[in-house]
>>> print(open('target.cif').read())   # mmCIF, C-alpha atoms, pLDDT in the B column; chains and numbers go by the auth columns
data_coords
#
loop_
_atom_site.group_PDB
_atom_site.id
_atom_site.type_symbol
_atom_site.label_atom_id
_atom_site.label_comp_id
_atom_site.label_asym_id
_atom_site.label_seq_id
_atom_site.Cartn_x
_atom_site.Cartn_y
_atom_site.Cartn_z
_atom_site.B_iso_or_equiv
_atom_site.auth_seq_id
_atom_site.auth_asym_id
ATOM 1 C CA MET A 1 16.872 57.071 -28.047 68.00 728 H
ATOM 2 C CA GLU A 2 18.796 54.028 -29.085 78.00 729 H
ATOM 3 C CA LYS A 3 19.961 53.463 -25.495 79.00 730 H
ATOM 4 C CA ARG A 4 16.387 53.736 -24.302 80.00 731 H
ATOM 5 C CA GLU A 5 15.231 51.072 -26.808 80.00 732 H
ATOM 6 C CA LYS A 6 18.063 48.801 -25.761 79.00 733 H
ATOM 7 C CA GLN A 7 17.140 49.331 -22.122 81.00 734 H
ATOM 8 C CA GLN A 8 13.473 48.542 -22.845 80.00 735 H
ATOM 9 C CA ASP A 9 14.493 45.436 -24.787 79.00 736 H
ATOM 10 C CA ALA A 10 16.662 44.335 -21.873 82.00 737 H
ATOM 11 C CA GLU A 11 13.790 44.934 -19.439 85.00 738 H
ATOM 12 C CA ARG A 12 11.398 42.938 -21.640 85.00 739 H
ATOM 13 C CA GLU A 13 13.936 40.145 -21.903 86.00 740 H
ATOM 14 C CA GLN A 14 14.422 40.161 -18.137 86.00 741 H
ATOM 15 C CA LEU A 15 10.642 40.113 -17.616 84.00 742 H
ATOM 16 C CA ALA A 16 10.276 37.210 -20.067 84.00 743 H
ATOM 17 C CA LYS A 17 13.011 35.267 -18.231 84.00 744 H
ATOM 18 C CA SER A 18 11.327 35.972 -14.915 85.00 745 H
ATOM 19 C CA LYS A 19 7.957 34.747 -16.220 85.00 746 H
ATOM 20 C CA SER A 20 9.615 31.673 -17.701 86.00 747 H
ATOM 21 C CA LEU A 21 11.315 30.922 -14.386 87.00 748 H
ATOM 22 C CA VAL A 22 8.051 31.268 -12.476 89.00 749 H
ATOM 23 C CA LYS A 23 6.303 29.036 -15.005 91.00 750 H
ATOM 24 C CA ASN A 24 9.031 26.402 -14.703 92.00 751 H
ATOM 25 C CA LYS A 25 8.780 26.482 -10.910 92.00 752 H
ATOM 26 C CA LEU A 26 5.011 26.018 -11.107 94.00 753 H
ATOM 27 C CA VAL A 27 5.406 23.067 -13.462 95.00 754 H
ATOM 28 C CA VAL A 28 7.964 21.427 -11.165 95.00 755 H
ATOM 29 C CA ALA A 29 5.723 22.018 -8.132 96.00 756 H
ATOM 30 C CA ALA A 30 2.719 20.535 -9.946 96.00 757 H
ATOM 31 C CA ILE A 31 4.702 17.449 -10.965 97.00 758 H
ATOM 32 C CA ALA A 32 5.971 17.009 -7.388 97.00 759 H
ATOM 33 C CA LEU A 33 2.434 17.338 -6.061 97.00 760 H
ATOM 34 C CA VAL A 34 1.101 14.744 -8.514 97.00 761 H
ATOM 35 C CA CYS A 35 3.908 12.340 -7.561 97.00 762 H
ATOM 36 C CA ALA A 36 3.253 12.825 -3.845 97.00 763 H
ATOM 37 C CA VAL A 37 -0.481 12.222 -4.305 97.00 764 H
ATOM 38 C CA ALA A 38 0.235 9.102 -6.375 97.00 765 H
ATOM 39 C CA LEU A 39 2.544 7.722 -3.672 97.00 766 H
ATOM 40 C CA VAL A 40 0.037 8.383 -0.898 97.00 767 H
ATOM 41 C CA MET A 41 -2.848 6.867 -2.857 96.00 768 H
ATOM 42 C CA GLY A 42 -0.733 3.844 -3.792 95.00 769 H
ATOM 43 C CA GLY A 43 0.158 3.275 -0.165 94.00 770 H
ATOM 44 C CA TYR A 44 -3.465 3.676 0.880 93.00 771 H
ATOM 45 C CA PHE A 45 -4.751 1.224 -1.723 90.00 772 H
ATOM 46 C CA THR A 46 -2.019 -1.290 -0.910 89.00 773 H
ATOM 47 C CA TYR A 47 -2.793 -1.124 2.806 88.00 774 H
ATOM 48 C CA SER A 48 -6.543 -1.390 2.274 86.00 775 H
ATOM 49 C CA ALA A 49 -6.061 -4.411 -0.006 82.00 776 H
ATOM 50 C CA TYR A 50 -3.820 -6.003 2.627 80.00 777 H
ATOM 51 C CA ILE A 51 -6.422 -5.468 5.347 81.00 778 H
ATOM 52 C CA ALA A 52 -9.357 -6.560 3.160 76.00 779 H
ATOM 53 C CA ASN A 53 -7.720 -9.887 2.312 69.00 780 H
ATOM 54 C CA GLY A 54 -6.871 -10.830 5.890 63.00 781 H
ATOM 55 C CA PHE A 55 -8.752 -14.089 5.559 60.00 782 H
ATOM 56 C CA LEU A 56 -6.243 -15.222 2.920 63.00 783 H
ATOM 57 C CA LYS A 57 -3.393 -15.117 5.447 58.00 784 H
ATOM 58 C CA SER A 58 -4.730 -18.005 7.510 59.00 785 H
ATOM 59 C CA VAL A 59 -3.599 -21.624 7.407 58.00 786 H
ATOM 60 C CA ALA A 60 -5.577 -23.877 5.098 57.00 787 H
ATOM 61 C CA ALA A 61 -7.309 -26.885 6.641 53.00 788 H
ATOM 62 C CA THR A 62 -5.959 -30.343 5.930 56.00 789 H
ATOM 63 C CA GLY A 63 -7.774 -33.651 5.876 55.00 790 H
ATOM 64 C CA THR A 64 -11.308 -33.796 7.208 55.00 791 H
ATOM 65 C CA ALA A 65 -11.163 -30.913 9.665 50.00 792 H
ATOM 66 C CA GLN A 66 -14.533 -29.487 10.598 53.00 793 H
ATOM 67 C CA SER A 67 -13.185 -26.005 11.096 53.00 794 H
ATOM 68 C CA LEU A 68 -11.602 -24.278 8.105 52.00 795 H
ATOM 69 C CA PHE A 69 -8.690 -22.989 10.162 52.00 796 H
ATOM 70 C CA ALA A 70 -7.773 -25.999 12.286 51.00 797 H
ATOM 71 C CA SER A 71 -5.320 -28.826 11.891 54.00 798 H
ATOM 72 C CA ASP A 72 -6.299 -32.497 11.780 54.00 799 H
ATOM 73 C CA LEU A 73 -5.285 -32.969 15.401 56.00 800 H
ATOM 74 C CA LEU A 74 -7.492 -30.175 16.710 54.00 801 H
ATOM 75 C CA THR A 75 -10.809 -31.148 15.140 56.00 802 H
ATOM 76 C CA GLY A 76 -13.840 -30.769 17.334 59.00 803 H
ATOM 77 C CA TYR A 77 -16.129 -33.556 18.512 56.00 804 H
ATOM 78 C CA MET A 78 -19.782 -33.753 17.503 66.00 805 H
ATOM 79 C CA GLY A 79 -20.666 -35.262 20.863 72.00 806 H
ATOM 80 C CA THR A 80 -18.987 -36.252 24.108 76.00 807 H
ATOM 81 C CA PRO A 81 -16.002 -38.463 23.251 74.00 808 H
ATOM 82 C CA SER A 82 -15.615 -41.823 24.889 80.00 809 H
ATOM 83 C CA SER A 83 -12.612 -42.531 27.076 84.00 810 H
ATOM 84 C CA ASP A 84 -11.167 -44.797 24.331 86.00 811 H
ATOM 85 C CA GLU A 85 -11.280 -41.945 21.839 81.00 812 H
ATOM 86 C CA LEU A 86 -9.638 -39.606 24.323 80.00 813 H
ATOM 87 C CA ASP A 87 -6.873 -42.126 25.071 84.00 814 H
ATOM 88 C CA ARG A 88 -6.247 -42.677 21.357 82.00 815 H
ATOM 89 C CA ALA A 89 -6.117 -38.909 20.716 77.00 816 H
ATOM 90 C CA GLN A 90 -3.675 -38.423 23.591 77.00 817 H
ATOM 91 C CA ARG A 91 -1.459 -41.221 22.297 77.00 818 H
ATOM 92 C CA MET A 92 -1.464 -39.665 18.823 71.00 819 H
ATOM 93 C CA LEU A 93 -0.367 -36.329 20.238 68.00 820 H
ATOM 94 C CA VAL A 94 2.382 -37.886 22.337 66.00 821 H
ATOM 95 C CA MET A 95 3.718 -39.894 19.377 64.00 822 H
ATOM 96 C CA LYS A 96 4.002 -36.869 17.108 54.00 823 H
#
>>> encode(input="target.cif", output="structure tokens")
Amino acid sequence: MEKREKQQDAEREQLAKSKSLVKNKLVVAAIALVCAVALVMGGYFTYSAYIANGFLKSVAATGTAQSLFASDLLTGYMGTPSSDELDRAQRMLVMK
């Protein structure tokens, strides 16, 4: 009878270890899943913020440019430029 009790105790202990091992594996799997979801969501939010702020990656205008994304030398004309204005603009481009 004593051997039988020892055997039952050993079986219970083995069963408890098995349950503990399964529980530990589930905890590790849950933690890995949470980490993977956090990484994916972080990447998604970073990419969407990068795309949403595309207008911030442009070059700022300098001087009195009419267009927000043009340089001083590429400003548009309000009307047809005279030949003197065209000559002066060409000379400015050649000098720089």
>>> atom_distance(input="target.cif", atom1="atom CA of Lys750 of chain H", atom2="atom CA of Val764 of chain H")
21.1 Å
>>> atom_distance(input="target.cif", atom1="atom CA of Ala776 of chain H", atom2="atom CA of Leu760 of chain H")
24.1 Å
>>> axis_aligned_box(input="target.cif", around="segment 748-756 of chain H", padding_each_side="6 Å", output="lines of an AutoDock Vina configuration file")
center_x = 8.2
center_y = 26.3
center_z = -11.6
size_x = 18.3
size_y = 21.8
size_z = 18.9
>>> atom_distance(input="target.cif", atom1="atom CA of Ala757 of chain H", atom2="atom CA of Thr773 of chain H")
24.1 Å
